[in-house]
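Q: Here you go, entry09.txt (compact mmCIF, C-alpha atoms):
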# COMPACT_ATOMS: atom_id res chain seq x y z
CA MET A 1 0.00 0.00 0.00
CA LYS A 2 1.40 3.34 -1.09
CA GLU A 3 -0.25 6.71 -0.86
CA LEU A 4 0.57 9.49 -3.29
CA ASN A 5 0.23 13.09 -2.14
CA LEU A 6 1.55 15.93 -4.24
CA PRO A 7 0.45 19.35 -3.04
CA GLY A 8 -0.47 21.66 -5.91
CA THR A 9 1.48 24.76 -6.89
CA GLN A 10 0.67 27.57 -9.29
CA SER A 11 1.79 25.50 -12.26
CA THR A 12 1.26 21.95 -10.98
CA PRO A 13 -1.96 20.21 -9.94
CA THR A 14 -2.85 18.61 -6.60
CA VAL A 15 -2.43 14.85 -6.91
CA THR A 16 -3.68 12.18 -4.54
CA GLY A 17 -3.43 8.46 -5.04
CA ASN A 18 -5.46 6.30 -2.67
CA TRP A 19 -4.15 2.75 -3.03
CA ASP A 20 -6.88 1.03 -0.96
CA ALA A 21 -9.69 2.83 -2.73
CA GLY A 22 -8.05 2.41 -6.15
CA LEU A 23 -8.53 6.09 -6.81
CA LEU A 24 -6.19 8.60 -8.41
CA SER A 25 -7.26 12.28 -8.38
CA ILE A 26 -5.59 15.13 -10.25
CA SER A 27 -6.96 18.67 -9.85
CA GLY A 28 -5.76 22.06 -11.05
CA ASP A 29 -3.73 23.56 -13.86
CA SER A 30 -0.66 21.78 -15.17
CA TYR A 31 1.99 23.77 -17.00
CA PRO A 32 5.39 23.14 -15.42
CA GLU A 33 8.37 23.69 -17.68
CA ASN A 34 9.46 20.10 -17.19
CA SER A 35 6.37 17.97 -16.66
CA PHE A 36 8.28 14.72 -16.24
CA GLU A 37 9.55 15.67 -12.80
CA MET A 38 5.99 15.66 -11.48
CA PHE A 39 4.34 13.16 -13.81
CA GLY A 40 7.15 10.67 -13.17
CA ASP A 41 5.76 10.14 -9.65
CA ILE A 42 2.22 9.71 -10.93
CA ILE A 43 3.29 7.27 -13.63
CA ALA A 44 5.28 5.23 -11.08
CA TRP A 45 2.23 5.10 -8.77
CA VAL A 46 -0.08 3.94 -11.59
CA GLU A 47 2.42 1.29 -12.73
CA GLY A 48 2.85 0.07 -9.16
CA TYR A 49 -0.88 -0.07 -8.50
CA LEU A 50 -1.68 -1.88 -11.74
CA ALA A 51 1.07 -4.46 -11.16
CA ASP A 52 0.18 -5.09 -7.51
CA SER A 53 -3.34 -6.52 -7.82
CA ASP A 54 -6.24 -6.89 -10.21
CA HIS A 55 -8.43 -4.33 -8.42
CA PRO A 56 -10.20 -1.64 -10.45
CA LEU A 57 -8.64 1.78 -10.92
CA ARG A 58 -10.62 4.99 -11.11
CA VAL A 59 -9.00 8.24 -12.21
CA ASP A 60 -10.83 11.48 -11.37
CA LEU A 61 -9.55 14.53 -13.22
CA ARG A 62 -10.35 18.17 -12.63
CA ILE A 63 -7.68 19.65 -14.86
CA VAL A 64 -8.46 22.92 -16.61
CA TYR A 65 -5.31 23.83 -18.50
CA MET A 66 -2.35 21.68 -19.55
CA ASN A 67 0.72 22.77 -21.50
CA THR A 68 1.94 20.45 -24.26
CA SER A 69 4.64 19.02 -22.01
CA SER A 70 1.92 17.89 -19.56
CA VAL A 71 -0.26 16.61 -22.41
CA ARG A 72 2.55 14.27 -23.44
CA ALA A 73 3.01 12.99 -19.91
CA MET A 74 -0.74 12.49 -19.51
CA LEU A 75 -0.74 10.47 -22.72
CA ASP A 76 1.74 8.09 -21.05
CA ILE A 77 -0.72 7.57 -18.18
CA PHE A 78 -3.61 6.91 -20.54
CA ASP A 79 -1.43 4.45 -22.48
CA LEU A 80 -0.84 2.51 -19.24
CA LEU A 81 -4.59 2.47 -18.55
CA GLU A 82 -5.35 1.36 -22.11
CA GLU A 83 -2.84 -1.48 -21.87
CA ALA A 84 -4.37 -2.63 -18.55
CA HIS A 85 -7.85 -2.39 -20.03
CA GLN A 86 -6.79 -4.51 -23.02
CA GLN A 87 -5.72 -7.15 -20.49
CA GLY A 88 -9.19 -7.14 -18.94
CA ARG A 89 -8.62 -4.66 -16.10
CA ASP A 90 -11.48 -2.46 -14.89
CA VAL A 91 -10.29 1.12 -15.44
CA THR A 92 -12.35 4.30 -15.59
CA VAL A 93 -11.50 7.95 -16.20
CA ASN A 94 -13.88 10.72 -15.11
CA TRP A 95 -12.90 14.16 -16.36
CA TYR A 96 -14.98 16.85 -14.65
CA TYR A 97 -15.14 20.38 -16.02
CA ASP A 98 -16.69 23.76 -15.36
CA PRO A 99 -19.40 24.21 -18.05
CA ARG A 100 -18.32 27.85 -18.54
CA ASN A 101 -15.08 26.71 -20.15
CA GLU A 102 -15.63 24.52 -23.21
CA ARG A 103 -11.90 24.31 -24.00
CA VAL A 104 -11.58 21.60 -21.36
CA VAL A 105 -14.06 19.42 -23.25
CA SER A 106 -12.00 19.52 -26.46
CA LEU A 107 -8.84 18.77 -24.49
CA ALA A 108 -10.48 15.76 -22.78
CA ASP A 109 -12.17 14.64 -26.02
CA GLU A 110 -8.90 14.38 -27.89
CA PHE A 111 -7.52 12.02 -25.24
CA LYS A 112 -10.75 10.04 -25.18
CA GLU A 113 -10.56 9.42 -28.96
CA ASP A 114 -7.61 7.08 -28.44
CA CYS A 115 -8.98 5.22 -25.42
CA SER A 116 -11.33 2.22 -25.40
CA PHE A 117 -11.89 2.09 -21.61
CA THR A 118 -14.74 3.99 -19.91
CA PHE A 119 -13.92 7.69 -20.26
CA ASN A 120 -16.56 10.08 -18.94
CA ILE A 121 -16.43 13.83 -19.54
CA ALA A 122 -18.94 15.47 -17.24
CA PRO A 123 -19.86 19.05 -16.34
CA GLU A 124 -19.60 19.93 -12.69
CA LYS A 125 -20.67 23.09 -10.88
CA ALA A 126 -17.72 25.06 -9.54
CA ALA A 127 -17.31 24.68 -5.80
CA MET B 1 20.63 56.44 -31.17
CA GLU B 2 19.39 58.23 -28.10
CA ASN B 3 21.25 58.24 -24.87
CA MET B 4 19.86 56.00 -22.10
CA ASP B 5 19.16 59.05 -19.96
CA THR B 6 16.81 60.51 -22.50
CA ILE B 7 14.32 57.67 -22.90
CA ASP B 8 11.02 59.45 -23.23
CA LEU B 9 8.66 57.44 -21.05
CA PHE B 10 5.64 59.40 -22.16
CA THR B 11 6.33 58.63 -25.83
CA LEU B 12 6.87 55.00 -24.93
CA ARG B 13 3.60 54.93 -23.06
CA GLU B 14 1.77 56.58 -25.97
CA HIS B 15 3.26 53.94 -28.26
CA PHE B 16 1.99 51.14 -25.99
CA ASN B 17 -1.44 52.70 -25.76
CA ARG B 18 -1.74 53.35 -29.48
CA ASN B 19 -0.89 49.71 -30.20
CA ARG B 20 -3.25 48.49 -27.44
CA ILE B 21 -0.42 46.66 -25.73
CA LEU B 22 -1.73 44.86 -22.65
CA LEU B 23 1.56 43.48 -21.51
CA CYS B 24 5.13 43.55 -22.64
CA PHE B 25 8.36 42.17 -21.33
CA ASN B 26 11.96 42.26 -22.47
CA GLY B 27 14.79 40.51 -20.69
CA PRO B 28 16.09 37.27 -19.16
CA ILE B 29 13.17 35.00 -18.34
CA SER B 30 13.13 32.41 -15.56
CA ARG B 31 10.71 29.62 -14.78
CA SER B 32 9.10 31.62 -11.99
CA LEU B 33 9.02 34.84 -14.00
CA ILE B 34 7.03 33.04 -16.72
CA GLU B 35 4.52 32.07 -14.03
CA GLU B 36 4.36 35.54 -12.48
CA ILE B 37 3.91 37.33 -15.81
CA GLY B 38 1.37 34.63 -16.71
CA ASN B 39 -0.57 35.52 -13.57
CA ALA B 40 -0.56 39.19 -14.49
CA LEU B 41 -1.71 38.25 -17.99
CA LYS B 42 -4.62 36.21 -16.57
CA ASN B 43 -5.69 39.20 -14.45
CA TYR B 44 -5.41 41.65 -17.36
CA LEU B 45 -7.48 39.37 -19.57
CA GLN B 46 -10.14 39.09 -16.90
CA ALA B 47 -10.19 42.88 -16.47
CA ASP B 48 -10.40 43.17 -20.27
CA ASN B 49 -13.56 40.98 -20.13
CA ALA B 50 -12.03 38.34 -22.37
CA HIS B 51 -14.20 35.27 -22.91
CA PRO B 52 -12.90 32.42 -20.67
CA SER B 53 -12.00 30.30 -23.72
CA ALA B 54 -10.15 33.18 -25.41
CA ALA B 55 -8.36 34.00 -22.15
CA MET B 56 -7.26 30.38 -21.87
CA ASP B 57 -6.01 30.32 -25.49
CA VAL B 58 -4.03 33.55 -25.00
CA PHE B 59 -2.54 32.19 -21.77
CA ALA B 60 -1.72 28.84 -23.40
CA THR B 61 -0.06 30.55 -26.37
CA TYR B 62 2.00 32.71 -24.02
CA ILE B 63 3.09 29.65 -22.01
CA GLU B 64 4.08 27.59 -25.06
CA MET B 65 5.99 30.48 -26.65
CA THR B 66 7.94 31.40 -23.52
CA GLN B 67 8.66 27.80 -22.50
CA ASN B 68 9.87 27.12 -26.06
CA ILE B 69 12.29 30.03 -25.65
CA ARG B 70 13.53 28.58 -22.33
CA HIS B 71 13.95 25.12 -23.86
CA TYR B 72 15.82 26.53 -26.84
CA ALA B 73 18.18 28.55 -24.62
CA ALA B 74 18.85 25.45 -22.50
CA LYS B 75 19.57 23.27 -25.56
CA ARG B 76 21.94 25.84 -27.01
CA GLY B 77 23.66 26.39 -23.66
CA TYR B 78 22.78 30.12 -23.64
CA ASN B 79 23.24 32.14 -20.47
CA ASP B 80 20.34 34.15 -19.01
CA GLN B 81 21.16 37.23 -21.05
CA GLU B 82 21.49 35.30 -24.32
CA GLY B 83 18.21 33.54 -23.62
CA SER B 84 16.35 36.83 -23.16
CA ALA B 85 12.78 36.92 -24.40
CA THR B 86 10.76 39.75 -25.85
CA VAL B 87 7.05 39.21 -25.27
CA VAL B 88 4.11 41.38 -26.28
CA VAL B 89 0.40 40.75 -25.85
CA ALA B 90 -1.82 43.29 -27.58
CA ARG B 91 -5.31 43.73 -28.93
CA ASP B 92 -5.97 44.44 -32.62
CA GLU B 93 -8.71 46.59 -34.19
CA ASP B 94 -11.02 43.58 -34.51
CA GLY B 95 -10.76 42.68 -30.84
CA HIS B 96 -8.42 39.75 -31.44
CA TYR B 97 -5.48 39.23 -29.14
CA LEU B 98 -2.02 39.26 -30.67
CA VAL B 99 0.57 37.19 -28.86
CA GLN B 100 4.13 37.72 -29.99
CA ALA B 101 7.37 36.40 -28.61
CA GLY B 102 10.92 36.57 -29.88
CA ASN B 103 14.41 35.45 -28.95
CA MET B 104 17.92 35.19 -30.31
CA ILE B 105 18.71 31.96 -32.12
CA GLU B 106 21.69 30.53 -33.98
CA ALA B 107 21.54 31.83 -37.54
CA SER B 108 21.84 28.22 -38.71
CA ASP B 109 18.52 27.38 -36.97
CA GLY B 110 16.68 30.27 -38.61
CA ASP B 111 15.70 28.52 -41.84
CA THR B 112 14.62 25.37 -39.97
CA LEU B 113 12.34 27.29 -37.65
CA GLN B 114 10.97 29.52 -40.39
CA GLY B 115 10.31 26.40 -42.46
CA MET B 116 8.43 24.72 -39.60
CA VAL B 117 6.21 27.76 -39.11
CA ASP B 118 5.57 28.22 -42.85
CA GLU B 119 4.65 24.55 -43.14
CA LEU B 120 2.10 24.84 -40.32
CA ALA B 121 0.75 28.16 -41.62
CA VAL B 122 -0.79 26.54 -44.70
CA LEU B 123 -2.54 23.71 -42.85
CA ASP B 124 -6.22 23.91 -41.94
CA LYS B 125 -7.54 22.99 -38.47
CA VAL B 126 -8.20 19.35 -39.39
CA ALA B 127 -4.70 18.88 -40.79
CA LEU B 128 -3.21 20.64 -37.76
CA LYS B 129 -5.04 18.28 -35.42
CA ALA B 130 -3.70 15.27 -37.34
CA ARG B 131 -0.19 16.75 -37.17
CA TYR B 132 -0.59 17.37 -33.43
CA LYS B 133 -1.66 13.80 -32.72
CA GLU B 134 1.18 12.46 -34.84
CA GLN B 135 3.73 14.63 -33.01
CA MET B 136 2.32 13.58 -29.61
CA ARG B 137 3.29 9.98 -30.39
CA LYS B 138 6.79 10.82 -31.58
CA PRO B 139 9.76 10.28 -29.30
CA ARG B 140 10.51 13.37 -27.22
CA ASP B 141 13.99 13.64 -28.71
CA ASP B 142 12.34 14.55 -31.98
CA ASP B 143 11.93 18.07 -30.64
CA ALA B 144 15.59 18.18 -29.65
CA VAL B 145 17.09 20.49 -32.25
CA THR B 146 14.90 23.53 -31.81
CA GLY B 147 12.84 22.63 -28.77
CA ALA B 148 9.81 23.53 -30.85
CA GLY B 149 7.63 20.60 -31.81
CA LEU B 150 4.30 19.96 -30.20
CA GLY B 151 4.17 23.46 -28.70
CA LEU B 152 4.42 25.12 -32.10
CA ILE B 153 1.60 22.97 -33.52
CA ASP B 154 -0.49 23.75 -30.43
CA ILE B 155 -0.02 27.48 -31.02
CA ALA B 156 -0.89 27.09 -34.71
CA ARG B 157 -4.11 25.29 -33.75
CA LYS B 158 -5.15 28.11 -31.45
CA SER B 159 -4.30 30.92 -33.86
CA ALA B 160 -7.18 32.42 -35.85
CA ALA B 161 -4.76 33.61 -38.54
CA PRO B 162 -1.85 31.65 -40.03
CA LEU B 163 1.20 31.65 -37.75
CA GLN B 164 3.76 34.20 -38.80
CA ALA B 165 7.49 34.06 -38.16
CA ASP B 166 10.08 36.72 -38.84
CA LEU B 167 13.86 36.62 -38.78
CA SER B 168 15.97 39.72 -38.24
CA PRO B 169 19.73 39.70 -38.69
CA ALA B 170 21.78 40.11 -35.53
CA VAL B 171 25.44 39.98 -34.61
CA ASN B 172 27.69 37.03 -33.64
CA GLY B 173 26.15 34.52 -36.04
CA ARG B 174 22.72 34.93 -34.53
CA GLN B 175 19.30 35.99 -35.70
CA PHE B 176 16.29 37.33 -33.86
CA PHE B 177 13.36 34.97 -34.32
CA SER B 178 9.88 36.26 -33.65
CA LEU B 179 6.61 34.43 -33.73
CA ARG B 180 3.10 35.89 -33.92
CA ALA B 181 -0.24 34.26 -33.20
CA VAL B 182 -3.72 35.81 -33.39
CA ILE B 183 -6.29 34.61 -30.88
In C-alpha cells, what does this structure look like?
A:
Amino acid sequence: MKELNLPGTQSTPTVTGNWDAGLLSISGDSYPENSFEMFGDIIAWVEGYLADSDHPLRVDLRIVYMNTSSVRAMLDIFDLLEEAHQQGRDVTVNWYYDPRNERVVSLADEFKEDCSFTFNIAPEKAA
Amino acid sequence: MENMDTIDLFTLREHFNRNRILLCFNGPISRSLIEEIGNALKNYLQADNAHPSAAMDVFATYIEMTQNIRHYAAKRGYNDQEGSATVVVARDEDGHYLVQAGNMIEASDGDTLQGMVDELAVLDKVALKARYKEQMRKPRDDDAVTGAGLGLIDIARKSAAPLQADLSPAVNGRQFFSLRAVI
C-alpha cells in the first residue's frame, strides 16, 4: 500500500493516489516547464498499482489547463490504462469540467478518442 | 541612437497605448518569471472581459511560446542574457489578441524554424489536429534540435490567422526569431 500526495502549486496540480480505494485524483492547472519531474511520480504510482493486484482503478480529473509538455506525460498515463484495459482490467477515467469553459471538453475529447476504456467527460458546478 | 538618460517614457507609453499593448516584457526569463507574468496576464485578460476560452487560449499561447524560448536557450547552452525573451500581448482593431514572442537563435537554426512555421501556416484545423496527434506519439527527442515541436503545432491550432514568423539579422552569427499568433 502506497499513498501518493503531491500538493499543488501555481503550475502543478494537486495529486492524490489512494491505493486502498483504487482512486487517483488530479486537480488544477498543469503547466510546469518540465512535466516529467511531477508526472514521473504519478506514472510510477499507476504502474505500481496496476502491477500489484487486479483491483479496479478509477481516475478522477479536474484539470483545466495543460501545456503540451503535460499533455505528453498524460498520454503516457492513458497508455498505461489502455494497456491494462486490453488485459481485462477495470479502469475508468472521469474528467470533470466547469461548463463555462468549453476548452476543457475539447482537451479531454482528444484524449478520449484514443482510449477504449470507460472515459466520462462530465460538467460539474464550480465549488 | 538616443542616450539612455533621455528615454522618453511618455512617448513609450503613448506607443503602448496606441498599439493596445496589454503586456510587454523584455529581458532574461526564468521559470518563476514566466509564471508571475502569466498571472498578471490572466488578471489583465479578466479585467479586459475576455471570454474564458479566449483567455485560456491567450494564456496557453503565451506559455508555449515562452517555454519554447527557455527550452531553446537550454539546448543551445545560452546564459540568461542570451536567452532573453521579448514578449508582447496586444489587442488588434477587430478585438483579437495578438501574442508575440521573440528570442535570439543561432543563424543556422533560422531557416529550420521559419520552415516549420511556414509549413504549419498553410494547414487547416483538421490537418493541424492530425499533425498534433502524430507529433504527440513521436519520441521526445524529436523536438531536440529547436525545442519547438508539439508546442508550435499547439499554437498554430489556437491561432485564428496563419502563424507568422520573422527573422531579423543580428550579430555574432545569430538571428532574432519572432513568432506571432492571433487569438
Q: Select, as a PyMOL selection string, those residues of chain A with any atom no more than 12 Å from chain B (distances computed using all atoms listed in the file).
A: chain A and resi 9-12+29-36+64-76+79+98-107+110-111+113-114
Q: Rounded to one decimal place, report the CA of Ala127 (chain B)-CA of Gly115 (chain B) distance in Å.
A: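 Calculated distance between CA of Ala127 (chain B) and CA of Gly115 (chain B) is 16.9 Å.
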Q: For a quick check of understanding, using only C-alpha atoms, which of A:Leu6, A:Val46, A:Leu57, A:Val91 has the smallest distance to Ala21 (chain A)?
A: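 Of A:Leu6, A:Val46, A:Leu57, A:Val91, the one nearest Ala21 (chain A) is A:Leu57, counting only C-alpha atoms.
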Q: Centre and edge lengths of an axis-aligned box around all listed atoms of region 118-126 of chain B, with 8 Å added on each side, are to be given in Å to one decimal, as JSON.
A:
{"center_x": -1.3, "center_y": 23.8, "center_z": -41.6, "size_x": 29.8, "size_y": 24.9, "size_z": 22.2}
Q: Which is closer to Asn19 (chain B) than all the others in B:Arg91, B:Lys158, B:Arg174, B:Arg131, using all atoms listed in the file?
A: B:Arg91
Q: Calculate how many Å separate CA of Val93 (chain A) from CA of Leu61 (chain A), rounding to one decimal.
A: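 CA of Val93 (chain A) sits 7.5 Å away from CA of Leu61 (chain A).
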Q: Which is closest to Ala170 (chain B) among B:Leu120, B:Ala156, B:Ile105, B:Leu128, if we use all atoms listed in the file?
A: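 Closest to Ala170 (chain B) of all the choices is B:Ile105.
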Q: Please determine, counting all atoms listed in the file, which residue among A:Ala122, A:Leu80, A:Ile43, A:Leu4 has the shortest atom-to-atom distance to Asp60 (chain A).
A: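 Comparing A:Ala122, A:Leu80, A:Ile43, A:Leu4 against Asp60 (chain A), the winner is A:Ala122.
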Q: Find the residues around Ala160 (chain B) up to 8 Å (only C-alpha atoms counted), leave out those fewer than 3 positions away in its own chain, and share them as JSON, numbers by chain.
A: {"B": [181, 182, 183]}
Q: Excluding Asp48 (chain B) and any residue of its chain fewer than 3 positions from it, enumerate the residues within 12 Å of it, using only C-alpha atoms, and give them as an mmCIF file with C-alpha atoms, in the coordinates of the input.
A:
data_model
loop_
_atom_site.group_PDB
_atom_site.id
_atom_site.type_symbol
_atom_site.label_atom_id
_atom_site.label_comp_id
_atom_site.auth_asym_id
_atom_site.auth_seq_id
_atom_site.Cartn_x
_atom_site.Cartn_y
_atom_site.Cartn_z
ATOM 1 C CA ARG B 20 -3.250 48.490 -27.440
ATOM 2 C CA ILE B 21 -0.420 46.660 -25.730
ATOM 3 C CA LEU B 22 -1.730 44.860 -22.650
ATOM 4 C CA LEU B 41 -1.710 38.250 -17.990
ATOM 5 C CA LYS B 42 -4.620 36.210 -16.570
ATOM 6 C CA ASN B 43 -5.690 39.200 -14.450
ATOM 7 C CA TYR B 44 -5.410 41.650 -17.360
ATOM 8 C CA LEU B 45 -7.480 39.370 -19.570
ATOM 9 C CA HIS B 51 -14.200 35.270 -22.910
ATOM 10 C CA PRO B 52 -12.900 32.420 -20.670
ATOM 11 C CA ALA B 54 -10.150 33.180 -25.410
ATOM 12 C CA ALA B 55 -8.360 34.000 -22.150
ATOM 13 C CA ALA B 90 -1.820 43.290 -27.580
ATOM 14 C CA ARG B 91 -5.310 43.730 -28.930
ATOM 15 C CA GLY B 95 -10.760 42.680 -30.840
ATOM 16 C CA HIS B 96 -8.420 39.750 -31.440
ATOM 17 C CA TYR B 97 -5.480 39.230 -29.140
#
Q: Grab the CA of Gln81 (chain B) to CA of Gln175 (chain B) distance for me, in Å with one decimal place.
A: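 That distance, rounded to one decimal, is 14.8 Å.
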Q: Could you list, as a list in words, every residue within 8 Å of Asn18 (chain A), counting only C-alpha atoms and ignoring same-chain residues fewer than 5 positions away?
A: Lys2, Glu3, Leu4, Leu23 and Leu24 of chain A
Q: What lies within 12 Å of His85 (chain A) using all atoms listed in the file, ignoring chain neighbours under 6 positions off, as JSON, numbers by chain?
A: {"A": [50, 54, 55, 56, 57, 58, 78, 79, 91, 92, 93, 115, 116, 117, 118, 119]}
Q: Which one of B:Ile69, B:Leu23, B:Ile29, B:Ala107 sits closest to Val171 (chain B) if you count all atoms listed in the file?
A: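 Once distances to Val171 (chain B) are computed over all atoms listed in the file, the minimum belongs to B:Ala107.
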Q: Quick test: take region 92-102 of chain A, keep all heavy atoms, and write it as a short mmCIF file (atom, residue, chain, number, x, y, z; two decimals), in the first residue's frame.
A:
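Writing the result to result.cif gives the following:
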data_model
loop_
_atom_site.label_atom_id
_atom_site.label_comp_id
_atom_site.auth_asym_id
_atom_site.auth_seq_id
_atom_site.Cartn_x
_atom_site.Cartn_y
_atom_site.Cartn_z
N THR A 92 -11.42 3.23 -15.22
CA THR A 92 -12.35 4.30 -15.59
C THR A 92 -11.69 5.66 -15.41
O THR A 92 -10.97 5.88 -14.43
CB THR A 92 -13.59 4.29 -14.65
OG1 THR A 92 -14.14 2.99 -14.64
CG2 THR A 92 -14.65 5.29 -15.12
N VAL A 93 -11.93 6.56 -16.36
CA VAL A 93 -11.50 7.95 -16.20
C VAL A 93 -12.73 8.84 -16.17
O VAL A 93 -13.63 8.69 -17.00
CB VAL A 93 -10.55 8.38 -17.35
CG1 VAL A 93 -10.35 9.90 -17.35
CG2 VAL A 93 -9.20 7.69 -17.23
N ASN A 94 -12.82 9.71 -15.17
CA ASN A 94 -13.88 10.72 -15.11
C ASN A 94 -13.21 12.08 -15.17
O ASN A 94 -12.44 12.43 -14.28
CB ASN A 94 -14.67 10.62 -13.80
CG ASN A 94 -15.35 9.28 -13.67
OD1 ASN A 94 -16.08 8.84 -14.55
ND2 ASN A 94 -15.12 8.61 -12.55
N TRP A 95 -13.49 12.82 -16.23
CA TRP A 95 -12.90 14.16 -16.36
C TRP A 95 -14.01 15.18 -16.13
O TRP A 95 -14.92 15.31 -16.96
CB TRP A 95 -12.28 14.33 -17.75
CG TRP A 95 -11.33 15.49 -17.84
CD1 TRP A 95 -11.50 16.75 -17.33
CD2 TRP A 95 -10.04 15.49 -18.49
NE1 TRP A 95 -10.40 17.54 -17.61
CE2 TRP A 95 -9.50 16.80 -18.33
CE3 TRP A 95 -9.30 14.53 -19.19
CZ2 TRP A 95 -8.26 17.16 -18.85
CZ3 TRP A 95 -8.07 14.90 -19.70
CH2 TRP A 95 -7.55 16.20 -19.53
N TYR A 96 -13.95 15.86 -15.00
CA TYR A 96 -14.98 16.85 -14.65
C TYR A 96 -14.53 18.24 -15.09
O TYR A 96 -13.35 18.57 -15.02
CB TYR A 96 -15.20 16.84 -13.14
CG TYR A 96 -15.69 15.51 -12.61
CD1 TYR A 96 -14.83 14.62 -11.97
CD2 TYR A 96 -17.03 15.13 -12.80
CE1 TYR A 96 -15.27 13.39 -11.51
CE2 TYR A 96 -17.48 13.90 -12.33
CZ TYR A 96 -16.60 13.04 -11.69
OH TYR A 96 -17.05 11.82 -11.24
N TYR A 97 -15.50 19.03 -15.57
CA TYR A 97 -15.14 20.38 -16.02
C TYR A 97 -16.22 21.39 -15.66
O TYR A 97 -17.38 21.04 -15.45
CB TYR A 97 -14.89 20.38 -17.54
CG TYR A 97 -16.14 20.15 -18.37
CD1 TYR A 97 -16.88 21.22 -18.87
CD2 TYR A 97 -16.57 18.86 -18.65
CE1 TYR A 97 -18.02 21.01 -19.62
CE2 TYR A 97 -17.72 18.64 -19.39
CZ TYR A 97 -18.44 19.72 -19.88
OH TYR A 97 -19.58 19.51 -20.62
N ASP A 98 -15.80 22.63 -15.60
CA ASP A 98 -16.69 23.76 -15.36
C ASP A 98 -17.36 24.09 -16.70
O ASP A 98 -16.67 24.40 -17.67
CB ASP A 98 -15.83 24.94 -14.86
CG ASP A 98 -16.66 26.21 -14.62
OD1 ASP A 98 -17.80 26.29 -15.14
OD2 ASP A 98 -16.15 27.11 -13.95
N PRO A 99 -18.72 24.01 -16.76
CA PRO A 99 -19.40 24.21 -18.05
C PRO A 99 -19.15 25.57 -18.70
O PRO A 99 -19.42 25.75 -19.88
CB PRO A 99 -20.89 24.04 -17.71
CG PRO A 99 -21.00 24.07 -16.24
CD PRO A 99 -19.67 23.68 -15.68
N ARG A 100 -18.59 26.54 -17.95
CA ARG A 100 -18.32 27.85 -18.54
C ARG A 100 -17.09 27.82 -19.45
O ARG A 100 -16.84 28.73 -20.21
CB ARG A 100 -18.10 28.89 -17.44
CG ARG A 100 -19.38 29.33 -16.76
CD ARG A 100 -19.07 30.15 -15.54
NE ARG A 100 -18.27 29.39 -14.59
CZ ARG A 100 -17.88 29.85 -13.41
NH1 ARG A 100 -18.20 31.06 -13.04
NH2 ARG A 100 -17.18 29.08 -12.58
N ASN A 101 -16.30 26.77 -19.35
CA ASN A 101 -15.08 26.71 -20.15
C ASN A 101 -15.07 25.48 -21.05
O ASN A 101 -14.68 24.39 -20.65
CB ASN A 101 -13.86 26.70 -19.23
CG ASN A 101 -12.57 26.95 -19.98
OD1 ASN A 101 -12.49 26.69 -21.18
ND2 ASN A 101 -11.56 27.44 -19.29
N GLU A 102 -15.50 25.67 -22.31
CA GLU A 102 -15.63 24.52 -23.21
C GLU A 102 -14.30 24.00 -23.74
O GLU A 102 -14.24 22.93 -24.33
CB GLU A 102 -16.59 24.84 -24.37
CG GLU A 102 -16.10 25.88 -25.35
CD GLU A 102 -16.67 27.27 -25.07
OE1 GLU A 102 -16.92 27.59 -23.88
OE2 GLU A 102 -16.86 28.02 -26.01
#
